$ cat final-v3.txt   # compact mmCIF, C-alpha atoms
# COMPACT_ATOMS: atom_id res chain seq x y z
CA MET P 1119 0.00 0.00 0.00
CA ILE P 1120 1.13 3.55 -0.66
CA VAL P 1121 -0.12 6.09 1.85
CA CYS P 1122 -1.12 9.46 0.35
CA GLN P 1123 1.00 12.24 1.80
CA ALA P 1124 -1.93 14.66 1.53
CA CYS P 1125 -5.02 12.79 2.78
CA GLY P 1126 -3.55 9.60 4.29
CA HIS P 1127 -5.57 7.25 2.02
CA ARG P 1128 -4.03 3.82 1.53
CA ASN P 1129 -3.63 3.21 -2.19
CA PRO P 1130 -2.64 -0.07 -3.81
CA LEU P 1131 0.80 -0.57 -5.35
CA ARG P 1132 1.38 0.70 -8.91
CA THR P 1133 -0.83 3.76 -8.24
CA ARG P 1134 0.46 7.16 -9.31
CA TYR P 1135 -2.40 9.38 -8.11
CA CYS P 1136 -4.32 9.04 -4.87
CA HIS P 1137 -7.65 7.32 -5.37
CA ALA P 1138 -9.18 9.60 -2.73
CA CYS P 1139 -7.86 13.14 -3.40
CA GLY P 1140 -6.11 12.80 -6.78
CA VAL P 1141 -2.73 14.18 -5.54
CA ARG P 1142 0.34 12.69 -7.23
CA LEU P 1143 1.74 10.17 -4.82
CA GLU P 1144 5.29 10.51 -3.61
CA ALA P 1145 6.76 7.42 -2.10
CA ASN P 1146 10.26 6.78 -0.92
CA LEU P 1147 12.03 3.44 -1.25
CA ARG P 1148 11.40 2.38 2.35
CA GLU P 1149 7.69 2.98 1.97
CA ILE P 1150 7.64 1.06 -1.31
CA ALA P 1151 9.49 -1.86 0.31
CA VAL P 1152 7.01 -1.89 3.20
CA ALA P 1153 4.14 -1.66 0.73
CA VAL P 1154 5.50 -4.54 -1.34
CA GLU P 1155 5.91 -6.66 1.79
CA GLU P 1156 2.35 -5.87 2.92
CA ASP P 1157 1.03 -6.72 -0.50
CA ARG P 1158 2.89 -10.05 -0.50
CA GLU P 1159 1.48 -10.91 2.91
CA ALA P 1160 -2.02 -9.98 1.81
CA GLN P 1161 -1.73 -12.21 -1.26
CA MET P 1162 -0.41 -15.08 0.81
CA ALA P 1163 -3.25 -14.67 3.33
CA GLU P 1164 -5.71 -14.63 0.45
CA ARG P 1165 -4.25 -17.86 -0.94
CA TRP P 1166 -4.44 -19.59 2.44
CA LEU P 1167 -7.99 -18.39 2.94
CA GLU P 1168 -8.92 -19.73 -0.50
CA ARG P 1169 -7.25 -23.10 0.22
CA GLY P 1170 -8.89 -23.33 3.64
CA ARG P 1171 -12.29 -22.49 2.24
CA SER P 1172 -11.95 -25.12 -0.52
CA LEU P 1173 -10.84 -27.86 1.83
CA PHE P 1174 -13.55 -26.93 4.36
CA LEU P 1175 -16.28 -27.16 1.71
CA LEU P 1176 -14.83 -30.44 0.39
CA GLY P 1177 -14.71 -31.87 3.93
CA ALA P 1178 -18.26 -30.74 4.68
CA PHE P 1179 -19.49 -32.30 1.42
CA PHE P 1180 -17.81 -35.65 2.03
CA LEU P 1181 -18.84 -35.71 5.68
CA THR P 1182 -22.47 -35.15 4.67
CA CYS P 1183 -22.20 -37.89 2.06
CA ALA P 1184 -20.66 -40.29 4.61
CA LEU P 1185 -23.39 -39.56 7.17
CA VAL P 1186 -26.13 -40.05 4.57
CA LEU P 1187 -24.48 -43.33 3.53
CA ARG P 1188 -24.23 -44.55 7.12
CA TYR P 1189 -27.65 -43.54 8.44
CA ALA P 1190 -29.91 -43.40 5.37
CA VAL P 1191 -28.53 -45.84 2.83
CA VAL P 1192 -27.00 -48.74 4.76
CA PRO P 1193 -29.83 -51.03 5.98
CA GLU P 1194 -30.27 -52.03 9.62
CA LEU P 1195 -28.56 -55.19 10.79
CA PRO P 1196 -30.94 -58.16 11.05
CA PRO P 1197 -31.82 -59.20 14.61
CA ALA P 1198 -29.59 -61.68 16.41
CA VAL P 1199 -30.52 -65.29 15.73
CA MET P 1200 -29.50 -68.19 17.93
CA PRO P 1201 -27.12 -70.63 16.27
CA PRO P 1202 -28.41 -74.20 16.00
CA ILE P 1203 -27.28 -76.11 19.07
CA ALA P 1204 -27.27 -79.90 18.98
CA ALA P 1205 -29.41 -81.32 21.78
CA GLY P 1206 -27.94 -84.80 21.52
CA PRO P 1207 -29.19 -87.90 19.69
CA LEU P 1208 -32.89 -88.24 18.95
CA LEU P 1209 -33.16 -91.89 19.95
CA PRO P 1210 -32.26 -92.92 23.50
CA PRO P 1211 -29.31 -95.30 23.88
CA ALA P 1212 -30.46 -98.91 23.66
CA ALA P 1213 -28.97 -99.71 27.05
CA SER P 1214 -31.15 -97.16 28.84
CA ALA P 1215 -34.44 -98.64 27.64
CA PRO P 1216 -36.48 -99.71 30.67
CA MET N 917 -17.67 -16.34 1.96
CA ASN N 918 -15.21 -13.46 1.56
CA GLY N 919 -17.92 -10.93 2.36
CA PRO N 920 -17.76 -10.82 6.15
CA PHE N 921 -13.94 -10.96 6.15
CA VAL N 922 -13.20 -8.07 3.77
CA SER N 923 -12.31 -5.72 6.60
CA TRP N 924 -10.06 -8.28 8.30
CA SER N 925 -6.30 -7.79 8.31
CA SER N 926 -3.96 -10.10 6.44
CA GLY N 927 -2.97 -11.85 9.67
CA GLN N 928 -6.58 -12.52 10.57
CA ARG N 929 -7.36 -13.81 7.09
CA LEU N 930 -4.31 -16.07 7.21
CA LEU N 931 -5.41 -17.43 10.58
CA LEU N 932 -8.93 -18.05 9.31
CA GLY N 933 -7.56 -19.82 6.25
CA VAL N 934 -5.40 -22.14 8.35
CA ALA N 935 -8.32 -22.82 10.74
CA LEU N 936 -10.59 -23.70 7.81
CA LEU N 937 -7.86 -25.90 6.37
CA ILE N 938 -7.51 -27.82 9.64
CA ALA N 939 -11.30 -28.13 10.03
CA GLY N 940 -11.61 -29.34 6.46
CA ALA N 941 -8.87 -31.93 6.97
CA VAL N 942 -10.52 -33.17 10.18
CA MET N 943 -13.87 -33.47 8.39
CA LEU N 944 -12.26 -35.38 5.52
CA VAL N 945 -10.64 -37.84 7.93
CA ALA N 946 -13.94 -38.25 9.83
CA ALA N 947 -15.85 -38.73 6.56
CA ALA N 948 -13.38 -41.39 5.45
CA GLY N 949 -13.77 -43.23 8.77
CA ILE N 950 -17.56 -43.07 8.74
CA ALA N 951 -17.73 -44.13 5.10
CA TRP N 952 -15.36 -47.06 5.71
CA ARG N 953 -17.45 -48.29 8.65
CA ALA N 954 -20.67 -47.79 6.68
CA VAL N 955 -19.35 -49.88 3.80
CA GLN N 956 -18.18 -52.59 6.22
CA ARG N 957 -21.63 -52.56 7.85
CA TRP N 958 -23.33 -52.78 4.46
CA LEU N 959 -21.21 -55.78 3.48
CA ALA N 960 -21.88 -57.39 6.87
CA VAL N 961 -25.64 -56.93 6.46
CA GLY N 962 -25.44 -58.72 3.12
CA GLU N 963 -23.38 -61.53 4.61
CA LEU N 964 -25.75 -61.91 7.56
CA ARG N 965 -28.81 -62.04 5.30
CA ALA N 966 -27.08 -64.70 3.20
CA ALA N 967 -26.17 -66.56 6.41
CA HIS N 968 -29.81 -66.56 7.55
CA ALA N 969 -30.89 -67.85 4.14
CA GLN N 970 -28.33 -70.67 4.35
CA LEU N 971 -29.51 -71.44 7.87
CA HIS N 972 -33.09 -71.83 6.66
CA ARG N 973 -31.85 -74.22 3.97
CA GLY N 974 -30.11 -76.27 6.64
CA ARG N 975 -26.58 -75.44 5.46
CA LEU N 976 -25.13 -74.71 8.86
CA ASP N 977 -21.44 -74.68 7.88
CA GLU N 978 -22.02 -72.15 5.11
CA ALA N 979 -24.20 -70.03 7.42
CA ARG N 980 -21.50 -70.05 10.08
CA ARG N 981 -18.80 -69.15 7.56
CA LEU N 982 -20.79 -66.15 6.32
CA ALA N 983 -21.61 -65.06 9.88
CA ALA N 984 -17.93 -65.32 10.83
CA ALA N 985 -17.05 -63.04 7.90
CA ALA N 986 -19.69 -60.55 9.12
CA ALA N 987 -18.41 -60.85 12.70
CA GLU N 988 -14.91 -60.02 11.52
CA ARG N 989 -16.21 -56.82 9.95
CA LEU N 990 -18.32 -55.87 13.00
CA PRO N 991 -16.56 -57.22 16.10
CA ARG N 992 -19.05 -55.61 18.52
CA GLU N 993 -22.33 -56.55 16.83
CA PRO N 994 -24.20 -59.37 18.59
CA SER N 995 -26.24 -60.32 15.52
CA ALA N 996 -23.03 -61.20 13.68
CA GLN N 997 -21.14 -62.63 16.65
CA LEU N 998 -23.96 -64.88 17.89
CA LEU N 999 -24.52 -66.76 14.64
CA ALA N 1000 -20.77 -67.19 14.17
CA LEU N 1001 -20.43 -68.71 17.64
CA ASP N 1002 -19.30 -72.31 17.86
CA PRO N 1003 -21.33 -73.89 20.70
CA ALA N 1004 -18.61 -76.50 21.17
CA ASP N 1005 -16.03 -73.81 21.97
CA PRO N 1006 -15.08 -74.02 25.68
CA GLN N 1007 -14.88 -70.21 25.76
CA ALA N 1008 -18.42 -69.86 24.36
CA GLY N 1009 -19.94 -69.07 27.78
CA GLU N 1010 -17.55 -66.22 28.51
CA ARG N 1011 -17.94 -64.83 25.03
CA LEU N 1012 -21.72 -64.90 25.38
CA ARG N 1013 -21.60 -63.08 28.73
CA ALA N 1014 -19.42 -60.35 27.22
CA LEU N 1015 -21.72 -60.17 24.21
CA ALA N 1016 -24.84 -59.86 26.39
CA SER N 1017 -23.40 -56.86 28.21
CA ALA N 1018 -22.61 -55.18 24.87
CA CYS N 1019 -26.10 -55.63 23.38
CA GLU N 1020 -28.03 -52.44 22.68
CA ARG N 1021 -31.28 -54.04 21.47
CA ALA N 1022 -33.39 -56.00 23.96
CA ASN N 1023 -34.21 -58.73 21.44
CA ASP N 1024 -30.52 -59.28 20.71
CA ARG N 1025 -29.76 -59.54 24.43
CA HIS N 1026 -32.58 -62.06 24.87
CA ALA N 1027 -31.18 -64.23 22.05
CA VAL N 1028 -27.66 -64.11 23.52
CA LEU N 1029 -28.87 -64.99 27.03
CA ALA N 1030 -31.09 -67.79 25.70
CA THR N 1031 -28.07 -69.26 23.90
CA LEU N 1032 -26.05 -69.11 27.09
CA GLY N 1033 -28.90 -70.67 29.09
CA LEU N 1034 -29.39 -73.46 26.55
CA LEU N 1035 -25.69 -74.35 26.56
CA GLN N 1036 -25.77 -74.48 30.37
CA ALA N 1037 -28.97 -76.57 30.48
CA LEU N 1038 -27.74 -79.07 27.88
CA ALA N 1039 -24.48 -79.45 29.80
CA GLY N 1040 -26.53 -80.23 32.93
CA ARG N 1041 -25.36 -77.08 34.72
CA ALA N 1042 -27.50 -74.56 36.61
CA VAL N 1043 -28.84 -71.85 34.33
CA ASP N 1044 -27.63 -68.48 35.62
CA ALA N 1045 -28.56 -66.46 32.54
CA PRO N 1046 -31.19 -63.88 33.62
CA LEU N 1047 -34.20 -65.05 31.59
CA GLU N 1048 -36.99 -64.49 34.12
CA GLY N 1049 -40.31 -63.62 32.53
CA THR N 1050 -39.55 -65.41 29.27
CA GLY N 1051 -40.78 -68.71 27.88
CA ASP N 1052 -37.14 -69.74 27.55
CA ALA N 1053 -36.75 -69.96 31.34
CA ARG N 1054 -39.57 -72.53 31.53
CA LEU N 1055 -38.20 -74.53 28.59
CA LEU N 1056 -34.70 -74.60 30.07
CA ALA N 1057 -36.10 -75.80 33.40
CA ALA N 1058 -37.91 -78.60 31.52
CA ILE N 1059 -34.68 -79.56 29.73
CA ARG N 1060 -32.87 -79.80 33.06
CA ALA N 1061 -35.71 -81.91 34.51
CA ALA N 1062 -35.76 -84.30 31.55
CA HIS N 1063 -33.24 -86.68 33.09
CA GLY N 1064 -35.66 -87.94 35.72
CA GLU N 1065 -38.18 -90.76 35.67
CA ARG N 1066 -41.19 -88.43 35.50
CA MET N 1067 -42.01 -86.83 32.20
CA ALA N 1068 -40.92 -83.18 32.25
CA SER N 1069 -43.28 -80.58 30.86
CA TRP N 1070 -43.76 -76.84 30.65
CA ARG N 1071 -46.54 -74.39 30.11
CA LEU N 1072 -46.08 -71.11 28.30
CA VAL N 1073 -47.73 -68.18 30.06
CA ALA N 1074 -49.55 -65.39 28.24
CA GLY N 1075 -47.73 -62.08 28.51
CA GLU N 1076 -44.29 -63.63 28.73
CA ASP N 1077 -41.72 -63.14 26.01
CA PRO N 1078 -42.07 -66.04 23.54
CA PRO N 1079 -39.22 -68.57 23.56
CA GLN N 1080 -36.46 -68.69 20.98
CA ARG N 1081 -37.02 -71.24 18.22
CA GLN N 1082 -33.73 -73.03 18.91
CA VAL N 1083 -34.61 -73.42 22.60
CA LEU N 1084 -38.01 -74.81 21.62
CA LEU N 1085 -36.39 -77.29 19.20
CA ALA N 1086 -33.85 -78.37 21.82
CA ALA N 1087 -36.57 -78.79 24.47
CA HIS N 1088 -38.71 -80.94 22.16
CA THR N 1089 -35.66 -83.03 21.22
CA VAL N 1090 -34.65 -83.66 24.84
CA LEU N 1091 -38.23 -84.40 25.90
CA LEU N 1092 -38.78 -86.71 22.91
CA ARG N 1093 -35.72 -88.66 24.01
CA GLN N 1094 -37.14 -88.86 27.53
CA ALA N 1095 -40.57 -89.89 26.22
CA LEU N 1096 -38.99 -92.70 24.18
CA ARG N 1097 -36.98 -93.80 27.20
CA LEU N 1098 -40.11 -93.81 29.40
CA ARG N 1099 -42.23 -95.26 26.54
CA SER N 1100 -44.80 -92.52 26.88
CA ARG N 1101 -46.72 -92.70 23.59
CA ASP N 1102 -48.66 -89.45 24.00
CA ASP N 1103 -45.49 -87.50 24.73
CA VAL N 1104 -43.66 -89.11 21.79
CA ARG N 1105 -46.53 -88.06 19.51
CA LEU N 1106 -46.53 -84.55 21.01
CA HIS N 1107 -42.79 -83.89 20.75
CA ALA N 1108 -42.11 -85.65 17.44
CA GLY N 1109 -45.06 -83.83 15.88
CA ALA N 1110 -43.91 -80.50 17.31
CA LEU N 1111 -40.39 -81.00 15.92
CA LEU N 1112 -41.72 -81.65 12.43
CA LEU N 1113 -44.11 -78.72 12.68
CA LEU N 1114 -41.37 -76.37 13.84
CA ASP N 1115 -38.90 -77.61 11.26
CA PRO N 1116 -40.43 -79.54 8.33
CA GLY N 1117 -36.93 -80.01 6.93
CA HIS N 1118 -35.60 -81.33 10.24
CA PRO N 1119 -32.30 -83.17 9.69
CA ARG N 1120 -33.72 -86.15 11.60
CA ALA N 1121 -37.10 -86.12 9.82
CA ALA N 1122 -36.37 -89.67 8.61
CA LEU N 1123 -36.55 -90.78 12.26
CA LEU N 1124 -39.46 -88.57 13.29
CA ARG N 1125 -41.94 -89.62 10.57
CA PRO N 1126 -41.77 -93.38 11.34
CA LEU N 1127 -42.31 -92.62 15.03
CA LEU N 1128 -45.53 -90.77 14.20
CA LEU N 1129 -46.57 -93.46 11.71
CA ALA N 1130 -46.06 -96.18 14.31
CA LEU N 1131 -48.42 -94.36 16.68
CA SER N 1132 -51.07 -93.75 14.02
CA PRO N 1133 -53.73 -96.51 13.91
CA ALA N 1134 -54.43 -95.55 10.30
CA ALA N 1135 -50.91 -96.43 9.14
CA ALA N 1136 -50.40 -99.94 7.78
CA ASP N 1137 -47.45 -102.06 8.92
CA GLU N 1138 -46.01 -102.14 5.37
CA GLU N 1139 -46.02 -98.36 5.25
CA LEU N 1140 -44.24 -98.21 8.61
CA VAL N 1141 -41.60 -100.76 7.56
CA ARG N 1142 -40.91 -98.76 4.37
CA ALA N 1143 -40.57 -95.54 6.38
CA VAL N 1144 -38.23 -97.18 8.92
CA ALA N 1145 -36.08 -98.59 6.11
CA GLU N 1146 -35.62 -95.05 4.77
CA ALA N 1147 -33.67 -94.20 7.94
CA ARG N 1148 -30.82 -96.25 6.33
CA GLU N 1149 -28.01 -96.95 8.84
CA GLU N 1150 -30.21 -95.96 11.78
CA SER N 1151 -33.16 -98.09 10.65
CA GLU N 1152 -32.38 -100.99 12.97
CA ALA N 1153 -32.02 -98.76 16.04
CA LEU N 1154 -35.25 -97.00 15.06
CA ALA N 1155 -37.05 -100.30 14.56
CA ARG N 1156 -35.87 -101.43 17.99
CA THR N 1157 -37.13 -98.22 19.58
CA ILE N 1158 -40.51 -98.49 17.85
CA ALA N 1159 -40.84 -102.17 18.78
CA ALA N 1160 -40.30 -101.23 22.43
CA LEU N 1161 -42.71 -98.29 22.24
CA VAL N 1162 -45.50 -99.97 20.23
CA PRO N 1163 -45.35 -103.75 20.85
CA GLU N 1164 -48.20 -104.40 18.42
CA ARG N 1165 -45.87 -103.30 15.58
CA ARG N 1166 -43.10 -105.67 16.69
CA ALA N 1167 -44.11 -108.62 14.48
CA ALA N 1168 -43.99 -106.57 11.28
CA LEU N 1169 -40.66 -105.01 12.22
CA THR N 1170 -39.11 -108.34 13.28
CA ALA N 1171 -40.05 -109.83 9.91
CA ARG N 1172 -37.91 -107.17 8.22
CA TRP N 1173 -35.16 -106.97 10.90
CA PRO N 1174 -34.93 -110.46 12.45
CA GLY N 1175 -32.26 -109.33 14.91
CA LEU N 1176 -34.92 -107.40 16.86
CA ALA N 1177 -36.43 -110.60 18.25
CA GLU N 1178 -33.46 -111.13 20.59
CA GLN N 1179 -32.68 -107.47 21.27
CA THR N 1180 -36.12 -106.12 22.14
CA PRO N 1181 -37.46 -107.02 25.58

$ encode --input "final-v3.txt" --output "structure tokens"
Amino acid sequence: MIVCQACGHRNPLRTRYCHACGVRLEANLREIAVAVEEDREAQMAERWLERGRSLFLLGAFFLTCALVLRYAVVPELPPAVMPPIAAGPLLPPAASAP
Amino acid sequence: MNGPFVSWSSGQRLLLGVALLIAGAVMLVAAAGIAWRAVQRWLAVGELRAAHAQLHRGRLDEARRLAAAAAERLPREPSAQLLALDPADPQAGERLRALASACERANDRHAVLATLGLLQALAGRAVDAPLEGTGDARLLAAIRAAHGERMASWRLVAGEDPPQRQVLLAAHTVLLRQALRLRSRDDVRLHAGALLLLDPGHPRAALLRPLLLALSPAAADEELVRAVAEAREESEALARTIAALVPERRAALTARWPGLAEQTP
């Protein structure tokens, strides 16, 4: 940003005349360096915000899909059924006949 | 989304971006976990349904294999674990107790406890599974009493939870054996008939049908002999049992299996 020496308005880099009062901007090297650094930081912050927003939306979409899959699409488990359990031979042993 | 943050400084926007990035990553990981478990559950439901179908067709080994695959996918689900259980496993009792405490649905818990109770009753041990107020408790008491010289019986009470089918089958099997031992014709008719009604494809149907035929006055001796012969390697033991139970059928059976004359009192 380049600060206007007349009105104090913060103008973007590569601006010759103040966007607020129209005065020709005069910037020294230190100010330009600071402005360049600020601009770089702002662009980096914008990139991170954009990445974060994209990943957040992607995560929200997939989380919604996963929850719909789990609770609306996958059927309920069938009830528990006892396994067949052998109750021994059907006929009594010959020796035990009265 | 940029709207509310236009007036924010670069540092604040950077912080928000990183926070959204972390939240998005956490949601992606959570979504992957939930989706993985949902797919496993879906596959397990399919395997369990197939296992139940195999069980109804009498293919126990295949049913158990499918249930074991489902149990591997869902280690905490009683419906998968119970069917995969091997009743001959010495650790079965402990596994069933742990399973009962993990059950969320009352019906599942009832099935697990009934299995535990049936294993205990068939082993001749005291039944400590809490089954009060269910028909299973009465059936298990009858199973335990079936070793005596008086015919054991039970009566189901209205309002109680109905018994599990496997407990009913086991009770009829044990009581049929006792009825044959005590030569109680009415009880043989009752329990053999009930077993065939409960399970028309009973694996021992070849033994049950001749028992009912032998007790039916309408059935001819030739018909009975043919039915007994269909029991193949068990036909002689069956003929001996019928000859002891219904002495008036002995002559026809002895004509086909002469060895019965000496063996049957």

$ closest_atom_pairs --input "final-v3.txt" --of "chain N" --to "chain P" --cutoff "7 Å" --atoms "all atoms listed in the file" --output "CSV"
residue,atom,partner,partner_atom,distance
N:Ser926,CA,P:Ala1160,CA,5.0
N:Gly927,CA,P:Ala1163,CA,6.9
N:Arg929,CA,P:Ala1163,CA,5.6
N:Leu930,CA,P:Ala1163,CA,4.3
N:Leu932,CA,P:Leu1167,CA,6.4
N:Gly933,CA,P:Leu1167,CA,3.6
N:Val934,CA,P:Gly1170,CA,6.0
N:Leu936,CA,P:Gly1170,CA,4.5
N:Leu937,CA,P:Gly1170,CA,3.9
N:Ala939,CA,P:Phe1174,CA,6.2
N:Gly940,CA,P:Phe1174,CA,3.7
N:Ala941,CA,P:Gly1177,CA,6.6
N:Met943,CA,P:Gly1177,CA,4.8
N:Leu944,CA,P:Gly1177,CA,4.6
N:Ala946,CA,P:Leu1181,CA,6.9
N:Ala947,CA,P:Leu1181,CA,4.3
N:Ile950,CA,P:Ala1184,CA,5.9
N:Ala951,CA,P:Ala1184,CA,4.9
N:Ala954,CA,P:Arg1188,CA,4.8
N:Trp958,CA,P:Val1192,CA,5.5
N:Val961,CA,P:Leu1195,CA,5.5
N:Pro994,CA,P:Ala1198,CA,6.3
N:Ser995,CA,P:Ala1198,CA,3.7
N:Leu998,CA,P:Met1200,CA,6.5
N:Leu999,CA,P:Pro1201,CA,4.9
N:Pro1003,CA,P:Ile1203,CA,6.6
N:Asp1024,CA,P:Ala1198,CA,5.0
N:Ala1027,CA,P:Met1200,CA,6.0
N:Thr1031,CA,P:Met1200,CA,6.2
N:Leu1038,CA,P:Ala1205,CA,6.7
N:Gln1082,CA,P:Pro1202,CA,6.2
N:Ala1086,CA,P:Ala1205,CA,5.3
N:Thr1089,CA,P:Leu1208,CA,6.3
N:Val1090,CA,P:Ala1205,CA,6.5
N:Arg1093,CA,P:Pro1210,CA,5.5
N:Leu1096,CA,P:Pro1210,CA,6.8
N:Arg1097,CA,P:Ala1215,CA,5.5

$ closest_residue --input "final-v3.txt" --among "N:Ala1074, N:Ala1159, N:Leu1085, N:Ala1136" --to "Pro1116 in chain N" --atoms "all atoms listed in the file"
N:Leu1085

$ atom_distance --input "final-v3.txt" --atom1 "CA of Gly1109 in chain N" --atom2 "CA of Leu1032 in chain N"
26.5 Å

$ atom_distance --input "final-v3.txt" --atom1 "CA of Gly1126 in chain P" --atom2 "CA of Asn1146 in chain P"
15.0 Å

$ residues_around --input "final-v3.txt" --residues "range 1146-1156 of chain N" --least-positions-apart "6" --cutoff "7 Å" --atoms "only C-alpha atoms" --output "list of chain:residue names"
N:Ala1122, N:Leu1123, N:Leu1169, N:Trp1173, N:Leu1176, N:Thr1180

$ atom_distance --input "final-v3.txt" --atom1 "CA of His1026 in chain N" --atom2 "CA of Arg1081 in chain N"
12.2 Å

$ residues_near_point --input "final-v3.txt" --point "(-17.0, -47.9, 11.8)" --cutoff "9 Å" --atoms "all atoms listed in the file" --output "list in words"
Gly949, Ile950, Ala951, Trp952, Arg953, Ala954, Val955, Gln956, Arg957 and Leu990 of chain N

$ write_last_selection --input "final-v3.txt" --atoms "C-alpha atoms" --output "short mmCIF file (atom, residue, chain, number, x, y, z; two decimals), in the frame of the given file"
data_model
loop_
_atom_site.label_atom_id
_atom_site.label_comp_id
_atom_site.auth_asym_id
_atom_site.auth_seq_id
_atom_site.Cartn_x
_atom_site.Cartn_y
_atom_site.Cartn_z
CA GLY N 949 -13.77 -43.23 8.77
CA ILE N 950 -17.56 -43.07 8.74
CA ALA N 951 -17.73 -44.13 5.10
CA TRP N 952 -15.36 -47.06 5.71
CA ARG N 953 -17.45 -48.29 8.65
CA ALA N 954 -20.67 -47.79 6.68
CA VAL N 955 -19.35 -49.88 3.80
CA GLN N 956 -18.18 -52.59 6.22
CA ARG N 957 -21.63 -52.56 7.85
CA LEU N 990 -18.32 -55.87 13.00
#

$ closest_residue --input "final-v3.txt" --among "N:Leu1029, N:Ala966, N:Cys1019, N:Leu959" --to "Glu1048 in chain N" --atoms "only C-alpha atoms"
N:Leu1029
